[in-house]
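Have a look at the structure below, then the notes.
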Amino acid sequence: MTAGKRARRVAVAGFESRPQRAGHRRLVLEPLDGGRRSAAAPPRTSRPRSMAGYLLMPRPKDAVKGLLMPFTFGLAVAAGAEVTAHTAVRALIVWAALELLVYPARYQWNDIRGFVADQHHPAQRDRGRLPGPVERARARVTASLTVALARLALVAALALTLPGLHLTGTLAAVTAAVFGVAIVYEALRAKGTGRTSTIPPPPRPALIALWVVVGAGYVVRGMTGLALAVDLGRHPATAVSAAVALWAFGIAFVTSRWVLESLAFAASEHGRLTWTARAGQAREHLLALVRWLPQRLTAASPADWAPLRGRTSPAAPWNLALLVAGTAAALTGSLLVMPGSAGHALVAAAVGAVTTAAVILLPWRRPVIVAAGAAVQLLVPAVTGQPRPWAALLPWLCVMAAHLSFSSRSLSTMGALPGRLRSLAAVPFAALARVVVGQTTWDVIREDRRGPR
């Protein structure tokens, strides 16, 4: 690329981009409206995770995803599925195996493959990935790989030691599905990232495919719960609709999260949004999404900015996926309650599509629109005599509730409960831990937590 081309000024997401100097990929995005500059906020730091803590729970910020399987199982029960004690116990064990063994092993594999890039991530201390440093790669990778394989061995042991629950086929299918998706994901990520320092990188086919594939894991989780309560072979339309809703919801959730994670590569310098990244950090799948960010930075620090709270382009991946998810979720709810009623299902899908589109286009009225959409979707089955209208509403309502939650987050609050709720949730666990370890040890642990490591 010539020096003239490197110096060319281009508009990106309502900002003006200005490469600083040749050979250094530092992209400065200046407000096109000439807004007042503000001082950059100091970078946030936190304590790094210990190796023992990582091996125990590789991705604590992703724990909320573990609610998807019990939710779909409970949804089927609310819609009228007959569940016995035997069925409930099977579901509970499969859930534990999936979230405590299979998925942690999958996360560990992902972190092993991305170990070097993760050590150079600007928010490395906050992300909770496989702890470094790079100089200890052999020991860290060996330990993590050993624990991951032990987790998978425990999955097999569960199936063998509980033959009466007939878990072998289910656990084998779930494990194969999780790692099948993982293999595709890792191949696409290897092909699509680590190749350019341009910000935003061009949305090449490998990156677009990666954005699509990330939703497949949500299908695995959600369809597992549904299949344990409903014979999906007898209801293929419900199965397809639910799979589409889960896949699209996964794309919306992950791309929303990724665009927030991209802000770790941004800084605010007197009102200018500055991006700095190297090809070796392999984050093109995040940084390609910044082209759809809002036009103005409305916080002193990028880490405190909640860009999805306002309106974003309807063409953004998270918005397109949300529209599909909302439509398919409304359709799924109707099919679960009344599997043979195509007319009612189409009406539910139309209402779900319209209300979801309104949520996307009118972000400042999201709570009101969700409440109005829920009322309409309750009224339609009540007027037409459909049973269990609340059960039919739940899939769409939960998709919207999740959207309201993650669209209000910033990089600094992503993956965390609100402060008051987090404090309330910690009370019983803190009391139990104090009893287990003893008051003296507990006091030392709390003191160590406040001090430097």
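Identifiers in the structure tokens: chain A, B, ... in order shown; residue index from 1 per chain; ligand index from 1 in order shown.
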
Using only C-alpha atoms, I'd like a table of the residues in segment 37-102 of chain A that come within 10 Å of segment 143-147 of chain A; for each, show the closest atom pair and its distance in Å rounded to one decimal, ordered by chain and ascending number, as a Markdown table.
| residue | atom | partner | partner_atom | distance |
| --- | --- | --- | --- | --- |
| A:Met51 | CA | A:Ser144 | CA | 8.9 |
| A:Ala52 | CA | A:Ala143 | CA | 9.9 |
| A:Tyr54 | CA | A:Ser144 | CA | 8.8 |
| A:Leu55 | CA | A:Ser144 | CA | 6.6 |
| A:Leu56 | CA | A:Val147 | CA | 9.0 |
| A:Pro58 | CA | A:Ser144 | CA | 9.5 |
| A:Leu101 | CA | A:Val147 | CA | 9.8 |

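Taking only segment 191-314 of chain A, the residues that DSSP calls strand (DSSP E) from the backbone come to Ala266, Ala267, Ser268, Glu269, Arg272, Leu273, Thr274, Trp275 and Thr276 of chain A.
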
- request: Considering only C-alpha atoms, return as JSON, numbers by chain whatever protein or nucleic-acid residues lie within 6 Å of segment 384-391 of chain A, sequence-local ones (same chain, fewer than 5 positions apart) excluded.
  value: {"A": [78, 79, 378]}

- request: Work out how far atom CA of Ala325 of chain A is from atom CA of Arg283 of chain A, in Å to one decimal.
  value: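 That distance, rounded to one decimal, is 26.0 Å.
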
message: Counting only C-alpha atoms, which residue out of A:Gly280, A:Pro307, A:Pro395, A:Pro363 sits closest to Ala329 of chain A?
response: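 With only C-alpha atoms as the atom set, the closest residue is A:Pro395.
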
message: Between A:Gly222, A:Gly132, A:Gly217, A:Pro202, which residue has the minimum interatomic distance to Phe73 of chain A, considering only C-alpha atoms?
response: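 Closest to Phe73 of chain A, using only C-alpha atoms: A:Gly222.
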
task: Tell me which protein, DNA and RNA residues are within 8 Å of segment 170-178 of chain A, counting only C-alpha atoms, leaving out same-chain ones fewer than 6 positions away, and put them as JSON, numbers by chain.
output: {"A": [94, 97, 98, 102, 103, 106, 155, 156, 159, 217, 220, 224]}

- request: Name the residues in contact with Ala187 of chain A at a cut-off of 12 Å, using only C-alpha atoms, excluding same-chain residues fewer than 3 positions from it; report them as a PyMOL selection string.
  value: chain A and resi 110+113+180-184+190-193+206-207+209-210+213

- request: Mind the document's chain letters and residue numbers, and return as an MDAnalysis selection string the residues of segment 140-200 of chain A that DSSP labels helix (DSSP H, G or I).
  value: chainID A and resid 140:161 163:165 168:192

task: Check the smallest atom-to-atom distance from each of A:Thr72, A:Ser313, A:Thr198, A:Thr298 to Val230 of chain A using only C-alpha atoms, then report the winner.
output: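 Among A:Thr72, A:Ser313, A:Thr198, A:Thr298, it is A:Thr72 that comes nearest to Val230 of chain A.
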
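When only C-alpha atoms are used to measure the gap to Leu362 of chain A, the shortest distance among A:Pro203, A:Pro314, A:Gly326, A:Pro339 belongs to A:Pro314.
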
Atom CA of Ala402 of chain A to atom CA of Val337 of chain A, straight-line distance in Å: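 Distance reported for this atom pair: 22.3 Å.
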
task: Identify which of the residues A:Ala237, A:Met223, A:Ala372, A:Leu167 lies closest to Gly340 of chain A, counting only C-alpha atoms when measuring atom-to-atom distances.
output: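 Closest candidate: A:Ala237.
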
query: Could you name the residues that touch Pro122 of chain A at 9 Å or less, counting only C-alpha atoms, but leaving out those on the same chain fewer than 3 positions away, as a list of chain:residue names?
result: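 Contacts, in chain order: A:Asp118, A:Gln119, A:Arg125, A:Ala264, A:Phe265.
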
message: Report, in Å with one decimal, the straight-line distance from atom CA of Ala303 of chain A to atom CA of Leu263 of chain A.
response: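 Answer for the atom CA of Ala303 of chain A to atom CA of Leu263 of chain A separation: 6.5 Å.
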
Can you pull out the residues contacting Ala239 of chain A? Cut-off 9 Å, using only C-alpha atoms, and skip same-chain residues under 4 positions away; I want them as a PDB file with N, CA, C and O atoms, in the first residue's frame.
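Final output, selection_8.pdb:
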ATOM      1  N   MET A 223     -31.976 -27.306  22.379  1.00  0.00           N
ATOM      2  CA  MET A 223     -32.662 -28.478  21.833  1.00  0.00           C
ATOM      3  C   MET A 223     -32.473 -29.699  22.726  1.00  0.00           C
ATOM      4  O   MET A 223     -33.325 -30.591  22.745  1.00  0.00           O
ATOM      5  N   LEU A 226     -35.226 -29.346  25.277  1.00  0.00           N
ATOM      6  CA  LEU A 226     -36.527 -29.578  24.655  1.00  0.00           C
ATOM      7  C   LEU A 226     -36.716 -31.055  24.335  1.00  0.00           C
ATOM      8  O   LEU A 226     -37.789 -31.636  24.577  1.00  0.00           O
ATOM      9  N   ALA A 227     -35.675 -31.694  23.807  1.00  0.00           N
ATOM     10  CA  ALA A 227     -35.774 -33.095  23.400  1.00  0.00           C
ATOM     11  C   ALA A 227     -35.938 -34.034  24.583  1.00  0.00           C
ATOM     12  O   ALA A 227     -36.492 -35.133  24.434  1.00  0.00           O
ATOM     13  N   LEU A 232     -39.566 -34.809  19.744  1.00  0.00           N
ATOM     14  CA  LEU A 232     -39.502 -33.892  18.606  1.00  0.00           C
ATOM     15  C   LEU A 232     -39.684 -34.611  17.272  1.00  0.00           C
ATOM     16  O   LEU A 232     -40.027 -33.975  16.273  1.00  0.00           O
ATOM     17  N   GLY A 233     -39.460 -35.913  17.245  1.00  0.00           N
ATOM     18  CA  GLY A 233     -39.686 -36.660  16.011  1.00  0.00           C
ATOM     19  C   GLY A 233     -41.139 -36.634  15.581  1.00  0.00           C
ATOM     20  O   GLY A 233     -41.446 -36.723  14.381  1.00  0.00           O
ATOM     21  N   HIS A 235     -43.048 -34.002  16.169  1.00  0.00           N
ATOM     22  CA  HIS A 235     -43.389 -32.599  15.952  1.00  0.00           C
ATOM     23  C   HIS A 235     -42.249 -31.902  15.203  1.00  0.00           C
ATOM     24  O   HIS A 235     -41.559 -31.037  15.740  1.00  0.00           O
ATOM     25  N   ALA A 243     -35.186 -24.681  16.663  1.00  0.00           N
ATOM     26  CA  ALA A 243     -33.773 -24.641  16.291  1.00  0.00           C
ATOM     27  C   ALA A 243     -33.413 -23.307  15.648  1.00  0.00           C
ATOM     28  O   ALA A 243     -32.357 -22.721  15.937  1.00  0.00           O
ATOM     29  N   VAL A 244     -34.287 -22.802  14.785  1.00  0.00           N
ATOM     30  CA  VAL A 244     -34.037 -21.503  14.142  1.00  0.00           C
ATOM     31  C   VAL A 244     -34.016 -20.389  15.183  1.00  0.00           C
ATOM     32  O   VAL A 244     -33.146 -19.504  15.167  1.00  0.00           O
ATOM     33  N   THR A 332     -42.560 -20.706  17.681  1.00  0.00           N
ATOM     34  CA  THR A 332     -42.290 -21.895  18.496  1.00  0.00           C
ATOM     35  C   THR A 332     -43.252 -21.994  19.670  1.00  0.00           C
ATOM     36  O   THR A 332     -43.765 -23.079  19.985  1.00  0.00           O
TER      37      THR A 332
END

message: Which residue is closest to Arg257 of chain A? Choose from A:Val240, A:Ala375, A:Ala306, A:Val399 and count only C-alpha atoms.
response: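 Looking at the shortest contact to Arg257 of chain A, the residue is A:Ala306.
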